[in-house]
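Structure first, commentary second.
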Amino acid sequence: MKLLVLLLLLFSIFSQEIPNRWDELTASDWPKALEKSNKTIILPVGILEKHGPHAPMGSDLIRVRQLARMVAEQEYAVIFPDYFYGQVNEARHIQGTFSLPTSLTLELLQATCDEIARNGFEKIFIINGHGGNPELLKYFVQTQMDKKRDYAVFFHTSSHDTAVWEQIGKMRKSDPAFDQHGGETETSVLLYMRPDLVQLDRATTESGENLNRLAKMPNVYTGIWWYGSYPLHYAGEAEVATKELGKLITEDNVRSIVEALRAVKQDTTTLQLQKEYFDEVERMSPGDRK
């Protein structure tokens, strides 16, 4: 009898386990997923572009996908399927780059968030895997204030553990100032996550050196700056990358994202403030009501 009770208990526990990826959930799982996630979803945003001569085009997508998986294993949230429609205009001269028109990129992201919310989620937590996306994503989050919505968008901004990053600094073999794209950091993370996709012996077949072709224009920003510095779309020294460095970097990123996700799941203030804000907007602009 005791054995039967134990078996029924174990069956009950295991039957409550549900996938965390949207595309792996069944329709009957959906209410459970909304409840377990507190109506919170992770939207991992990557990109498709060259990462030196040695790493896959989907490096950013692969990294952010793996990060989302590792985070959701520690703190449950539903994970939106692969999303690689970000800002990558600076790499359109290289085959393998997937770059949509800017207006469409923003429209698609907004439509995606609207559709996510239509399916019951109130908190959309964006994590980013591409260095060219933060400005776009911050702008997008700010545009959420242009009209009343019944959901909120959050964007993860990294916070590093000082002790861990001191250790990382000691392990690094290249200059962090020039380790910007496809170099030691990104390649180390890939060596930890997906070593089967890294062709490290090809890392030195191209130069990741900064050409500084706009060095005579200090304190000025222009869209061609990246091409002016790194026309091969490779910045750094990938040949010195190690799996051990990638493990440390990844674990600290996961820690930071889990911490932020827990705060988002527990948050009850953001949506209240949004409602209060838009009520004030409507009060001040009665002619704009629709």
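By order of appearance in the structure tokens: chains A, B, ..., then residues from 1 within every chain, and ligands from 1 in the order shown.
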message: Applying 12 Å and only C-alpha atoms, which residues near A:Ile62 remain after dropping the ones on its own chain fewer than 3 positions away? List them as a VMD selection string.
response: chain A and resid 44 to 49 55 to 59 65 to 69 81 to 84 128 to 130 186 to 187 189 to 195 197 to 198
For the interface of stretch 211-288 of chain A with stretch 151-173 of chain A (cut-off 9 Å, counting only C-alpha atoms), please tabulate each contacting residue of stretch 211-288 of chain A alongside its nearest pair of atoms and their separation in Å to one decimal, rows sorted by chain and increasing number, as a Markdown table.
```
| residue | atom | partner | partner_atom | distance |
| --- | --- | --- | --- | --- |
| A:Glu237 | CA | A:Lys173 | CA | 8.8 |
| A:Val240 | CA | A:Lys173 | CA | 6.3 |
| A:Ala241 | CA | A:Lys173 | CA | 8.0 |
| A:Glu244 | CA | A:Met171 | CA | 8.8 |
| A:Leu245 | CA | A:Ile168 | CA | 6.6 |
| A:Leu248 | CA | A:Ile168 | CA | 7.0 |
| A:Ile249 | CA | A:Ile168 | CA | 7.4 |
| A:Asp252 | CA | A:His160 | CA | 6.7 |
| A:Asn253 | CA | A:Ser158 | CA | 7.2 |
| A:Arg255 | CA | A:Asp161 | CA | 8.9 |
| A:Ser256 | CA | A:Ser159 | CA | 5.9 |
| A:Ile257 | CA | A:His156 | CA | 6.8 |
| A:Ala260 | CA | A:His156 | CA | 6.9 |
| A:Leu261 | CA | A:His156 | CA | 8.4 |
| A:Val264 | CA | A:Phe154 | CA | 7.8 |
| A:Thr270 | CA | A:Ala152 | CA | 7.2 |
| A:Leu271 | CA | A:Ala152 | CA | 6.4 |
| A:Gln274 | CA | A:Ala152 | CA | 8.1 |
```
Take the selection from the previous step and output its residues with C-alpha atoms, as a compact mmCIF listing (two decimals), in the first residue's frame.
```txt
# COMPACT_ATOMS: atom_id res chain seq x y z
CA GLU A 237 41.87 37.27 -31.34
CA VAL A 240 43.40 32.36 -27.70
CA ALA A 241 39.84 31.42 -26.65
CA GLU A 244 37.29 27.41 -19.28
CA LEU A 245 36.95 31.14 -19.88
CA LEU A 248 33.05 31.40 -16.24
CA ILE A 249 31.52 34.07 -18.49
CA ASP A 252 28.04 34.78 -14.49
CA ASN A 253 25.63 35.77 -17.28
CA ARG A 255 23.39 34.32 -12.58
CA SER A 256 22.65 37.89 -13.65
CA ILE A 257 19.72 36.91 -15.87
CA ALA A 260 16.62 39.77 -13.06
CA LEU A 261 14.01 37.21 -14.15
CA VAL A 264 10.39 40.49 -13.09
CA THR A 270 5.34 48.07 -13.35
CA LEU A 271 1.89 47.31 -14.74
CA GLN A 274 1.82 51.93 -16.59
```
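Minimum atom-to-atom distances from A:Gln144, A:Ser174, A:Gln266, A:Ser37 to A:Phe278 were compared using only C-alpha atoms, and the lowest value belongs to A:Gln144.
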Strand (DSSP E or B) call set, DSSP backbone run, stretch 3-230 of chain A, as JSON, numbers by chain: {"A": [21, 40, 41, 42, 43, 44, 45, 51, 53, 55, 78, 79, 83, 123, 124, 125, 126, 127, 128, 152, 153, 154, 155, 181]}
message: I need the residues in stretch 17-258 of chain A that are alpha helix (DSSP H) according to DSSP; give them as a PyMOL selection string.
response: chain A and resi 30-36+59-74+102-118+134-143+162-171+184-193+225-229+243-258
- request: Tell me which of A:Thr222, A:Ala203, A:His233, A:Arg21 sits closest to A:Gly96, counting only C-alpha atoms.
  value: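 Nearest to A:Gly96: A:His233.
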Shell around A:Thr143 at 10 Å using only C-alpha atoms, local window under 4 positions removed, as a PyMOL selection string: chain A and resi 106+110+137-139+147
- prompt: Which residues, written as a VMD selection string, have at least one atom at most 9 Å from A:Gly120, with only C-alpha atoms counted and residues fewer than 5 positions away on the same chain left out?
  reply: chain A and resid 31 34 39
Export C-alpha atoms of the chosen residues as a short mmCIF file (atom, residue, chain, number, x, y, z; two decimals), in the first residue's frame?
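Saved as out-v1.cif:
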```cif
data_model
loop_
_atom_site.label_atom_id
_atom_site.label_comp_id
_atom_site.auth_asym_id
_atom_site.auth_seq_id
_atom_site.Cartn_x
_atom_site.Cartn_y
_atom_site.Cartn_z
CA PRO A 31 -2.66 27.18 -18.44
CA LEU A 34 1.10 30.66 -17.58
CA LYS A 39 2.63 35.00 -17.06
#
```
field: 12 Å contact set for A:Asn210, only C-alpha atoms, chain neighbours under 4 positions out, as number ranges by chain
entry: A: 175, 177-181, 214-215, 225-237
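Using only C-alpha atoms, the smallest distance between any of A:Arg118, A:Ile127, A:Arg149, A:Pro53 and A:Asp279 comes from A:Arg149.
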